[in-house]
>>> print(open('structure06.txt').read())   # compact mmCIF, N, CA and C atoms
# COMPACT_ATOMS: atom_id res chain seq x y z
N MET X 232 -18.33 10.39 0.06
CA MET X 232 -17.94 11.70 -0.40
C MET X 232 -17.33 11.61 -1.78
N SER X 233 -17.27 12.71 -2.44
CA SER X 233 -16.72 12.75 -3.79
C SER X 233 -15.21 12.52 -3.75
N ARG X 234 -14.74 11.64 -4.62
CA ARG X 234 -13.32 11.29 -4.64
C ARG X 234 -12.39 12.48 -4.89
N PRO X 235 -12.68 13.36 -5.88
CA PRO X 235 -11.78 14.52 -6.05
C PRO X 235 -11.77 15.44 -4.83
N PHE X 236 -12.92 15.64 -4.21
CA PHE X 236 -12.98 16.49 -3.01
C PHE X 236 -12.12 15.90 -1.90
N VAL X 237 -12.23 14.60 -1.70
CA VAL X 237 -11.48 13.96 -0.62
C VAL X 237 -9.98 14.01 -0.88
N PHE X 238 -9.57 13.64 -2.09
CA PHE X 238 -8.14 13.55 -2.36
C PHE X 238 -7.48 14.90 -2.62
N LEU X 239 -8.20 15.86 -3.19
CA LEU X 239 -7.57 17.13 -3.51
C LEU X 239 -7.73 18.20 -2.44
N LEU X 240 -8.68 18.02 -1.53
CA LEU X 240 -8.83 19.00 -0.46
C LEU X 240 -8.55 18.39 0.91
N LEU X 241 -9.24 17.31 1.24
CA LEU X 241 -9.07 16.71 2.56
C LEU X 241 -7.71 16.02 2.72
N GLY X 242 -7.17 15.48 1.64
CA GLY X 242 -5.86 14.82 1.73
C GLY X 242 -4.75 15.77 2.16
N PRO X 243 -4.51 16.84 1.40
CA PRO X 243 -3.48 17.79 1.84
C PRO X 243 -3.82 18.48 3.17
N LEU X 244 -5.10 18.74 3.41
CA LEU X 244 -5.48 19.35 4.68
C LEU X 244 -5.20 18.42 5.85
N SER X 245 -5.41 17.11 5.64
CA SER X 245 -5.10 16.15 6.71
C SER X 245 -3.60 16.07 6.97
N VAL X 246 -2.79 16.26 5.93
CA VAL X 246 -1.34 16.29 6.13
C VAL X 246 -0.94 17.49 6.99
N VAL X 247 -1.52 18.65 6.70
CA VAL X 247 -1.22 19.85 7.48
C VAL X 247 -1.63 19.65 8.93
N LEU X 248 -2.84 19.13 9.16
CA LEU X 248 -3.31 18.94 10.53
C LEU X 248 -2.54 17.85 11.26
N THR X 249 -2.19 16.78 10.56
CA THR X 249 -1.41 15.72 11.18
C THR X 249 -0.03 16.22 11.57
N THR X 250 0.59 17.02 10.72
CA THR X 250 1.88 17.59 11.03
C THR X 250 1.78 18.52 12.24
N TRP X 251 0.72 19.31 12.28
CA TRP X 251 0.51 20.23 13.40
C TRP X 251 0.37 19.47 14.71
N VAL X 252 -0.38 18.36 14.70
CA VAL X 252 -0.57 17.56 15.91
C VAL X 252 0.72 16.81 16.27
N ALA X 253 1.40 16.25 15.28
CA ALA X 253 2.61 15.46 15.55
C ALA X 253 3.74 16.32 16.13
N VAL X 254 3.87 17.52 15.62
CA VAL X 254 4.92 18.40 16.10
C VAL X 254 4.53 19.01 17.44
N GLY X 255 3.23 19.14 17.69
CA GLY X 255 2.75 19.67 18.95
C GLY X 255 2.86 21.17 19.07
N MET X 256 2.76 21.85 17.93
CA MET X 256 2.88 23.29 17.96
C MET X 256 1.53 23.93 18.28
N PRO X 257 1.52 24.98 19.09
CA PRO X 257 0.28 25.71 19.28
C PRO X 257 -0.14 26.35 17.97
N PHE X 258 -1.43 26.51 17.78
CA PHE X 258 -1.93 26.96 16.48
C PHE X 258 -1.38 28.32 16.07
N GLU X 259 -1.19 29.24 17.03
CA GLU X 259 -0.71 30.56 16.64
C GLU X 259 0.74 30.55 16.16
N SER X 260 1.52 29.53 16.55
CA SER X 260 2.90 29.48 16.07
C SER X 260 3.01 28.72 14.75
N PHE X 261 1.93 28.06 14.32
CA PHE X 261 1.95 27.36 13.03
C PHE X 261 1.73 28.40 11.94
N VAL X 262 2.81 28.85 11.38
CA VAL X 262 2.78 29.98 10.47
C VAL X 262 1.97 29.62 9.21
N PRO X 263 1.00 30.46 8.85
CA PRO X 263 0.18 30.16 7.67
C PRO X 263 0.96 29.94 6.38
N PRO X 264 2.04 30.67 6.09
CA PRO X 264 2.78 30.35 4.85
C PRO X 264 3.37 28.94 4.85
N ILE X 265 3.80 28.45 6.01
CA ILE X 265 4.32 27.09 6.08
C ILE X 265 3.21 26.09 5.83
N ALA X 266 2.05 26.34 6.41
CA ALA X 266 0.90 25.46 6.19
C ALA X 266 0.48 25.47 4.72
N LEU X 267 0.49 26.63 4.10
CA LEU X 267 0.13 26.74 2.70
C LEU X 267 1.14 26.01 1.81
N ALA X 268 2.43 26.16 2.12
CA ALA X 268 3.46 25.46 1.35
C ALA X 268 3.32 23.95 1.50
N LEU X 269 3.07 23.49 2.72
CA LEU X 269 2.88 22.06 2.95
C LEU X 269 1.67 21.54 2.21
N PHE X 270 0.60 22.33 2.18
CA PHE X 270 -0.61 21.95 1.44
C PHE X 270 -0.30 21.77 -0.04
N PHE X 271 0.41 22.74 -0.63
CA PHE X 271 0.69 22.66 -2.07
C PHE X 271 1.76 21.63 -2.42
N PHE X 272 2.67 21.31 -1.49
CA PHE X 272 3.64 20.25 -1.75
C PHE X 272 2.99 18.87 -1.72
N THR X 273 1.95 18.71 -0.91
CA THR X 273 1.29 17.41 -0.83
C THR X 273 0.17 17.25 -1.86
N LEU X 274 -0.20 18.32 -2.52
CA LEU X 274 -1.26 18.25 -3.53
C LEU X 274 -0.93 17.30 -4.69
N PRO X 275 0.30 17.33 -5.27
CA PRO X 275 0.60 16.38 -6.36
C PRO X 275 0.56 14.92 -5.90
N VAL X 276 1.05 14.65 -4.71
CA VAL X 276 1.02 13.29 -4.18
C VAL X 276 -0.43 12.83 -4.06
N SER X 277 -1.27 13.68 -3.51
CA SER X 277 -2.67 13.35 -3.32
C SER X 277 -3.39 13.17 -4.65
N ALA X 278 -3.05 13.97 -5.63
CA ALA X 278 -3.68 13.85 -6.95
C ALA X 278 -3.30 12.53 -7.62
N ILE X 279 -2.03 12.17 -7.55
CA ILE X 279 -1.57 10.91 -8.15
C ILE X 279 -2.24 9.72 -7.49
N VAL X 280 -2.28 9.72 -6.18
CA VAL X 280 -2.86 8.59 -5.45
C VAL X 280 -4.38 8.57 -5.64
N GLY X 281 -5.01 9.74 -5.75
CA GLY X 281 -6.45 9.79 -5.97
C GLY X 281 -6.85 9.19 -7.31
N ILE X 282 -6.06 9.46 -8.35
CA ILE X 282 -6.33 8.88 -9.67
C ILE X 282 -6.18 7.36 -9.60
N LEU X 283 -5.13 6.89 -8.96
CA LEU X 283 -4.92 5.45 -8.83
C LEU X 283 -6.05 4.80 -8.03
N ASP X 284 -6.46 5.44 -6.93
CA ASP X 284 -7.53 4.90 -6.11
C ASP X 284 -8.84 4.82 -6.89
N GLY X 285 -9.10 5.81 -7.74
CA GLY X 285 -10.30 5.78 -8.57
C GLY X 285 -10.29 4.62 -9.55
N GLN X 286 -9.11 4.31 -10.09
CA GLN X 286 -9.01 3.18 -11.01
C GLN X 286 -9.13 1.84 -10.27
N LEU X 287 -8.54 1.78 -9.09
CA LEU X 287 -8.61 0.54 -8.31
C LEU X 287 -10.00 0.30 -7.74
N ALA X 288 -10.80 1.36 -7.59
CA ALA X 288 -12.14 1.22 -7.03
C ALA X 288 -13.02 0.35 -7.91
N ARG X 289 -12.72 0.31 -9.19
CA ARG X 289 -13.51 -0.52 -10.12
C ARG X 289 -13.13 -1.99 -10.06
N ALA X 290 -11.90 -2.28 -9.62
CA ALA X 290 -11.40 -3.65 -9.71
C ALA X 290 -11.19 -4.34 -8.37
N MET X 291 -11.08 -3.58 -7.29
CA MET X 291 -10.73 -4.18 -6.00
C MET X 291 -11.75 -3.79 -4.93
N PRO X 292 -12.00 -4.71 -4.02
CA PRO X 292 -12.84 -4.32 -2.87
C PRO X 292 -12.06 -3.39 -1.93
N LEU X 293 -12.80 -2.73 -1.07
CA LEU X 293 -12.22 -1.71 -0.19
C LEU X 293 -11.12 -2.26 0.70
N LEU X 294 -11.30 -3.46 1.25
CA LEU X 294 -10.31 -4.01 2.19
C LEU X 294 -8.98 -4.33 1.52
N LEU X 295 -8.96 -4.48 0.22
CA LEU X 295 -7.69 -4.66 -0.51
C LEU X 295 -7.18 -3.34 -1.06
N ARG X 296 -8.10 -2.47 -1.46
CA ARG X 296 -7.71 -1.21 -2.09
C ARG X 296 -7.09 -0.21 -1.11
N ALA X 297 -7.61 -0.11 0.09
CA ALA X 297 -7.10 0.88 1.05
C ALA X 297 -5.63 0.64 1.40
N PRO X 298 -5.19 -0.60 1.68
CA PRO X 298 -3.75 -0.80 1.94
C PRO X 298 -2.88 -0.53 0.72
N VAL X 299 -3.36 -0.88 -0.47
CA VAL X 299 -2.58 -0.61 -1.68
C VAL X 299 -2.45 0.90 -1.88
N THR X 300 -3.54 1.61 -1.66
CA THR X 300 -3.51 3.07 -1.78
C THR X 300 -2.57 3.68 -0.75
N ALA X 301 -2.57 3.14 0.47
CA ALA X 301 -1.67 3.63 1.50
C ALA X 301 -0.21 3.39 1.13
N LEU X 302 0.09 2.23 0.56
CA LEU X 302 1.46 1.94 0.13
C LEU X 302 1.92 2.86 -0.99
N VAL X 303 1.03 3.11 -1.94
CA VAL X 303 1.37 4.02 -3.04
C VAL X 303 1.54 5.44 -2.50
N GLY X 304 0.70 5.82 -1.53
CA GLY X 304 0.84 7.13 -0.91
C GLY X 304 2.18 7.28 -0.19
N ALA X 305 2.60 6.23 0.48
CA ALA X 305 3.90 6.26 1.15
C ALA X 305 5.03 6.38 0.14
N ALA X 306 4.96 5.59 -0.91
CA ALA X 306 6.01 5.64 -1.93
C ALA X 306 6.05 7.01 -2.62
N ALA X 307 4.89 7.54 -2.95
CA ALA X 307 4.85 8.84 -3.62
C ALA X 307 5.33 9.95 -2.69
N ALA X 308 4.98 9.87 -1.42
CA ALA X 308 5.40 10.90 -0.47
C ALA X 308 6.90 10.85 -0.22
N MET X 309 7.53 9.71 -0.41
CA MET X 309 8.98 9.61 -0.24
C MET X 309 9.73 9.90 -1.53
N LEU X 310 9.17 9.51 -2.67
CA LEU X 310 9.88 9.63 -3.93
C LEU X 310 9.74 11.00 -4.59
N LEU X 311 8.59 11.63 -4.46
CA LEU X 311 8.40 12.92 -5.10
C LEU X 311 9.33 14.00 -4.55
N PRO X 312 9.48 14.15 -3.23
CA PRO X 312 10.47 15.13 -2.74
C PRO X 312 11.90 14.78 -3.15
N ARG X 313 12.19 13.48 -3.19
CA ARG X 313 13.53 13.06 -3.59
C ARG X 313 13.79 13.41 -5.05
N ALA X 314 12.78 13.25 -5.90
CA ALA X 314 12.94 13.58 -7.32
C ALA X 314 13.09 15.09 -7.52
N LEU X 315 12.38 15.88 -6.72
CA LEU X 315 12.43 17.33 -6.88
C LEU X 315 13.62 17.97 -6.18
N LEU X 316 13.98 17.47 -5.01
CA LEU X 316 14.99 18.11 -4.18
C LEU X 316 16.34 17.38 -4.15
N GLY X 317 16.39 16.18 -4.69
CA GLY X 317 17.62 15.41 -4.64
C GLY X 317 17.61 14.44 -3.47
N PRO X 318 18.73 13.78 -3.23
CA PRO X 318 18.78 12.79 -2.14
C PRO X 318 18.49 13.42 -0.78
N MET X 319 17.75 12.67 0.03
CA MET X 319 17.43 13.11 1.39
C MET X 319 17.93 12.05 2.36
N PRO X 320 18.26 12.46 3.59
CA PRO X 320 18.62 11.46 4.59
C PRO X 320 17.43 10.56 4.90
N GLN X 321 17.73 9.31 5.25
CA GLN X 321 16.66 8.34 5.50
C GLN X 321 15.78 8.78 6.67
N ASP X 322 16.37 9.37 7.69
CA ASP X 322 15.57 9.78 8.83
C ASP X 322 14.61 10.92 8.50
N MET X 323 14.83 11.58 7.38
CA MET X 323 13.90 12.63 6.94
C MET X 323 12.81 12.07 6.04
N SER X 324 13.10 11.02 5.28
CA SER X 324 12.12 10.49 4.34
C SER X 324 11.12 9.54 5.01
N VAL X 325 11.48 8.94 6.13
CA VAL X 325 10.57 8.01 6.81
C VAL X 325 9.30 8.70 7.31
N PRO X 326 9.38 9.88 7.94
CA PRO X 326 8.13 10.55 8.33
C PRO X 326 7.26 10.92 7.13
N PHE X 327 7.89 11.27 6.01
CA PHE X 327 7.11 11.55 4.81
C PHE X 327 6.33 10.32 4.37
N GLY X 328 7.00 9.16 4.40
CA GLY X 328 6.34 7.92 4.01
C GLY X 328 5.22 7.53 4.95
N LEU X 329 5.47 7.65 6.25
CA LEU X 329 4.42 7.32 7.22
C LEU X 329 3.23 8.25 7.10
N GLY X 330 3.50 9.53 6.93
CA GLY X 330 2.41 10.49 6.76
C GLY X 330 1.64 10.26 5.48
N GLY X 331 2.34 9.96 4.40
CA GLY X 331 1.67 9.68 3.13
C GLY X 331 0.81 8.44 3.20
N ALA X 332 1.31 7.40 3.87
CA ALA X 332 0.54 6.16 4.00
C ALA X 332 -0.72 6.40 4.83
N PHE X 333 -0.56 7.08 5.95
CA PHE X 333 -1.72 7.32 6.82
C PHE X 333 -2.78 8.18 6.12
N CYS X 334 -2.37 9.30 5.57
CA CYS X 334 -3.34 10.22 4.99
C CYS X 334 -4.00 9.66 3.73
N MET X 335 -3.26 8.98 2.89
CA MET X 335 -3.86 8.43 1.67
C MET X 335 -4.73 7.22 1.97
N GLY X 336 -4.37 6.44 2.98
CA GLY X 336 -5.24 5.33 3.40
C GLY X 336 -6.57 5.84 3.95
N VAL X 337 -6.51 6.89 4.75
CA VAL X 337 -7.75 7.50 5.29
C VAL X 337 -8.57 8.09 4.16
N CYS X 338 -7.92 8.75 3.20
CA CYS X 338 -8.66 9.31 2.07
C CYS X 338 -9.33 8.22 1.24
N SER X 339 -8.68 7.08 1.09
CA SER X 339 -9.28 5.98 0.36
C SER X 339 -10.53 5.47 1.08
N LEU X 340 -10.46 5.39 2.39
CA LEU X 340 -11.63 4.95 3.15
C LEU X 340 -12.76 5.98 3.08
N LEU X 341 -12.41 7.25 3.11
CA LEU X 341 -13.44 8.30 3.04
C LEU X 341 -14.06 8.42 1.66
N ALA X 342 -13.29 8.14 0.61
CA ALA X 342 -13.80 8.29 -0.76
C ALA X 342 -14.61 7.09 -1.24
N HIS X 343 -14.62 6.01 -0.49
CA HIS X 343 -15.34 4.81 -0.91
C HIS X 343 -16.84 5.07 -0.91
N ASP X 344 -17.52 4.55 -1.92
CA ASP X 344 -18.97 4.68 -2.02
C ASP X 344 -19.61 3.51 -1.29
N TYR X 345 -19.97 3.74 -0.05
CA TYR X 345 -20.52 2.68 0.78
C TYR X 345 -21.95 2.31 0.37
N ASN X 346 -22.64 3.13 -0.39
CA ASN X 346 -24.00 2.84 -0.82
C ASN X 346 -24.06 2.10 -2.15
N ALA X 347 -22.93 1.86 -2.78
CA ALA X 347 -22.92 1.23 -4.10
C ALA X 347 -23.49 -0.18 -4.07
N ASN X 348 -23.22 -0.94 -3.02
CA ASN X 348 -23.73 -2.31 -2.94
C ASN X 348 -25.23 -2.34 -2.75
N LYS X 349 -25.79 -1.31 -2.14
CA LYS X 349 -27.23 -1.28 -1.91
C LYS X 349 -27.99 -0.95 -3.17
N THR X 350 -27.38 -0.24 -4.11
CA THR X 350 -28.08 0.17 -5.33
C THR X 350 -27.87 -0.79 -6.49
N ARG X 351 -26.89 -1.66 -6.40
CA ARG X 351 -26.64 -2.62 -7.48
C ARG X 351 -27.63 -3.76 -7.40
N PRO X 352 -28.09 -4.22 -8.56
CA PRO X 352 -28.96 -5.40 -8.54
C PRO X 352 -28.16 -6.65 -8.18
N ASP X 353 -28.84 -7.63 -7.61
CA ASP X 353 -28.16 -8.85 -7.21
C ASP X 353 -27.66 -9.64 -8.41
N ASP X 354 -28.41 -9.64 -9.49
CA ASP X 354 -28.04 -10.40 -10.67
C ASP X 354 -27.37 -9.44 -11.66
N VAL X 355 -26.05 -9.47 -11.72
CA VAL X 355 -25.33 -8.57 -12.62
C VAL X 355 -25.04 -9.20 -13.97
N SER X 356 -25.37 -10.47 -14.14
CA SER X 356 -25.09 -11.13 -15.40
C SER X 356 -26.08 -10.77 -16.48
N GLY X 357 -27.24 -10.25 -16.11
CA GLY X 357 -28.22 -9.86 -17.09
C GLY X 357 -29.17 -10.98 -17.49
N SER X 358 -28.98 -12.17 -16.97
CA SER X 358 -29.88 -13.26 -17.33
C SER X 358 -31.10 -13.24 -16.42
N THR X 359 -32.20 -13.68 -16.99
CA THR X 359 -33.44 -13.74 -16.20
C THR X 359 -33.80 -15.20 -15.95
N SER X 360 -34.32 -15.48 -14.81
CA SER X 360 -34.69 -16.86 -14.50
C SER X 360 -36.17 -17.01 -14.45
>>> encode(input="structure06.txt", output="structure tokens")
Amino acid sequence: MSRPFVFLLLGPLSVVLTTWVAVGMPFESFVPPIALALFFFTLPVSAIVGILDGQLARAMPLLLRAPVTALVGAAAAMLLPRALLGPMPQDMSVPFGLGGAFCMGVCSLLAHDYNANKTRPDDVSGSTS
């Protein structure tokens, strides 16, 4: 899938759905303004991590890149609210970090181009034998 689509739409949407499942609220009680606010609060985190994942995609294989992306997602999900809202209790920032790590790691796996190895030539050095 396209990297911007995954990180800018599916990333924040997965945060909203994960929060809905984790809290165990019935769908009718999940107020749409809260879902919309959560979507827009997670959009900057997802954009930052998406840009980093795009840069790492050129230099790292998927099995190394996905954990790094998850760690950066966790750090961004914990640090961005702290920078905007001030100090938070640790018990409040841990779920943000876990959610950021999970959602950004999944987005990294979804955004990977699995067909890239099939289209690349075997000899990338350009020499002919």
>>> closest_residue(input="structure06.txt", among="X:Pro318, X:Gly285, X:Gly242, X:Pro275", to="Ala332 (chain X)", atoms="only C-alpha atoms")
X:Gly242
>>> residues_around(input="structure06.txt", residues="Ala342 (chain X)", least_positions_apart="4", cutoff="8 Å", atoms="only C-alpha atoms", output="list of chain:residue names")
X:Met232, X:Ser233, X:Arg234, X:Val237, X:Phe238, X:Cys338
>>> atom_distance(input="structure06.txt", atom1="atom C of Phe236 (chain X)", atom2="atom N of Phe333 (chain X)")
16.5 Å
>>> residues_near_point(input="structure06.txt", point="(-5.6, 2.3, -4.1)", cutoff="9 Å", atoms="only C-alpha atoms", output="PDB file with N, CA and C atoms, in the coordinates of the input")
ATOM      1  N   VAL X 280      -2.280   9.720  -6.180  1.00  0.00           N
ATOM      2  CA  VAL X 280      -2.860   8.590  -5.450  1.00  0.00           C
ATOM      3  C   VAL X 280      -4.380   8.570  -5.640  1.00  0.00           C
ATOM      4  N   GLY X 281      -5.010   9.740  -5.750  1.00  0.00           N
ATOM      5  CA  GLY X 281      -6.450   9.790  -5.970  1.00  0.00           C
ATOM      6  C   GLY X 281      -6.850   9.190  -7.310  1.00  0.00           C
ATOM      7  N   ILE X 282      -6.060   9.460  -8.350  1.00  0.00           N
ATOM      8  CA  ILE X 282      -6.330   8.880  -9.670  1.00  0.00           C
ATOM      9  C   ILE X 282      -6.180   7.360  -9.600  1.00  0.00           C
ATOM     10  N   LEU X 283      -5.130   6.890  -8.960  1.00  0.00           N
ATOM     11  CA  LEU X 283      -4.920   5.450  -8.830  1.00  0.00           C
ATOM     12  C   LEU X 283      -6.050   4.800  -8.030  1.00  0.00           C
ATOM     13  N   ASP X 284      -6.460   5.440  -6.930  1.00  0.00           N
ATOM     14  CA  ASP X 284      -7.530   4.900  -6.110  1.00  0.00           C
ATOM     15  C   ASP X 284      -8.840   4.820  -6.890  1.00  0.00           C
ATOM     16  N   GLY X 285      -9.100   5.810  -7.740  1.00  0.00           N
ATOM     17  CA  GLY X 285     -10.300   5.780  -8.570  1.00  0.00           C
ATOM     18  C   GLY X 285     -10.290   4.620  -9.550  1.00  0.00           C
ATOM     19  N   GLN X 286      -9.110   4.310 -10.090  1.00  0.00           N
ATOM     20  CA  GLN X 286      -9.010   3.180 -11.010  1.00  0.00           C
ATOM     21  C   GLN X 286      -9.130   1.840 -10.270  1.00  0.00           C
ATOM     22  N   LEU X 287      -8.540   1.780  -9.090  1.00  0.00           N
ATOM     23  CA  LEU X 287      -8.610   0.540  -8.310  1.00  0.00           C
ATOM     24  C   LEU X 287     -10.000   0.300  -7.740  1.00  0.00           C
ATOM     25  N   ALA X 288     -10.800   1.360  -7.590  1.00  0.00           N
ATOM     26  CA  ALA X 288     -12.140   1.220  -7.030  1.00  0.00           C
ATOM     27  C   ALA X 288     -13.020   0.350  -7.910  1.00  0.00           C
ATOM     28  N   MET X 291     -11.080  -3.580  -7.290  1.00  0.00           N
ATOM     29  CA  MET X 291     -10.730  -4.180  -6.000  1.00  0.00           C
ATOM     30  C   MET X 291     -11.750  -3.790  -4.930  1.00  0.00           C
ATOM     31  N   LEU X 293     -12.800  -2.730  -1.070  1.00  0.00           N
ATOM     32  CA  LEU X 293     -12.220  -1.710  -0.190  1.00  0.00           C
ATOM     33  C   LEU X 293     -11.120  -2.260   0.700  1.00  0.00           C
ATOM     34  N   LEU X 295      -8.960  -4.480   0.220  1.00  0.00           N
ATOM     35  CA  LEU X 295      -7.690  -4.660  -0.510  1.00  0.00           C
ATOM     36  C   LEU X 295      -7.180  -3.340  -1.060  1.00  0.00           C
ATOM     37  N   ARG X 296      -8.100  -2.470  -1.460  1.00  0.00           N
ATOM     38  CA  ARG X 296      -7.710  -1.210  -2.090  1.00  0.00           C
ATOM     39  C   ARG X 296      -7.090  -0.210  -1.110  1.00  0.00           C
ATOM     40  N   ALA X 297      -7.610  -0.110   0.090  1.00  0.00           N
ATOM     41  CA  ALA X 297      -7.100   0.880   1.050  1.00  0.00           C
ATOM     42  C   ALA X 297      -5.630   0.640   1.400  1.00  0.00           C
ATOM     43  N   PRO X 298      -5.190  -0.600   1.680  1.00  0.00           N
ATOM     44  CA  PRO X 298      -3.750  -0.800   1.940  1.00  0.00           C
ATOM     45  C   PRO X 298      -2.880  -0.530   0.720  1.00  0.00           C
ATOM     46  N   VAL X 299      -3.360  -0.880  -0.470  1.00  0.00           N
ATOM     47  CA  VAL X 299      -2.580  -0.610  -1.680  1.00  0.00           C
ATOM     48  C   VAL X 299      -2.450   0.900  -1.880  1.00  0.00           C
ATOM     49  N   THR X 300      -3.540   1.610  -1.660  1.00  0.00           N
ATOM     50  CA  THR X 300      -3.510   3.070  -1.780  1.00  0.00           C
ATOM     51  C   THR X 300      -2.570   3.680  -0.750  1.00  0.00           C
ATOM     52  N   ALA X 301      -2.570   3.140   0.470  1.00  0.00           N
ATOM     53  CA  ALA X 301      -1.670   3.630   1.500  1.00  0.00           C
ATOM     54  C   ALA X 301      -0.210   3.390   1.130  1.00  0.00           C
ATOM     55  N   LEU X 302       0.090   2.230   0.560  1.00  0.00           N
ATOM     56  CA  LEU X 302       1.460   1.940   0.130  1.00  0.00           C
ATOM     57  C   LEU X 302       1.920   2.860  -0.990  1.00  0.00           C
ATOM     58  N   VAL X 303       1.030   3.110  -1.940  1.00  0.00           N
ATOM     59  CA  VAL X 303       1.370   4.020  -3.040  1.00  0.00           C
ATOM     60  C   VAL X 303       1.540   5.440  -2.500  1.00  0.00           C
ATOM     61  N   GLY X 304       0.700   5.820  -1.530  1.00  0.00           N
ATOM     62  CA  GLY X 304       0.840   7.130  -0.910  1.00  0.00           C
ATOM     63  C   GLY X 304       2.180   7.280  -0.190  1.00  0.00           C
ATOM     64  N   MET X 335      -3.260   8.980   2.890  1.00  0.00           N
ATOM     65  CA  MET X 335      -3.860   8.430   1.670  1.00  0.00           C
ATOM     66  C   MET X 335      -4.730   7.220   1.970  1.00  0.00           C
ATOM     67  N   GLY X 336      -4.370   6.440   2.980  1.00  0.00           N
ATOM     68  CA  GLY X 336      -5.240   5.330   3.400  1.00  0.00           C
ATOM     69  C   GLY X 336      -6.570   5.840   3.950  1.00  0.00           C
ATOM     70  N   SER X 339      -8.680   7.080   1.090  1.00  0.00           N
ATOM     71  CA  SER X 339      -9.280   5.980   0.360  1.00  0.00           C
ATOM     72  C   SER X 339     -10.530   5.470   1.080  1.00  0.00           C
TER      73      SER X 339
END
>>> atom_distance(input="structure06.txt", atom1="CA of Ser324 (chain X)", atom2="CA of Leu340 (chain X)")
24.4 Å
>>> residues_around(input="structure06.txt", residues="Met309 (chain X)", least_positions_apart="6", cutoff="7 Å", atoms="all atoms listed in the file", output="MDAnalysis selection string")
chainID X and resid 324:325 327:328 331
>>> atom_distance(input="structure06.txt", atom1="CA of Pro243 (chain X)", atom2="CA of Met319 (chain X)")
21.4 Å
>>> axis_aligned_box(input="structure06.txt", around="region 299-314 of chain X", padding_each_side="6 Å", output="lines of an AutoDock Vina configuration file")
center_x = 5.1
center_y = 7.1
center_z = -3.0
size_x = 29.3
size_y = 28.0
size_z = 21.0
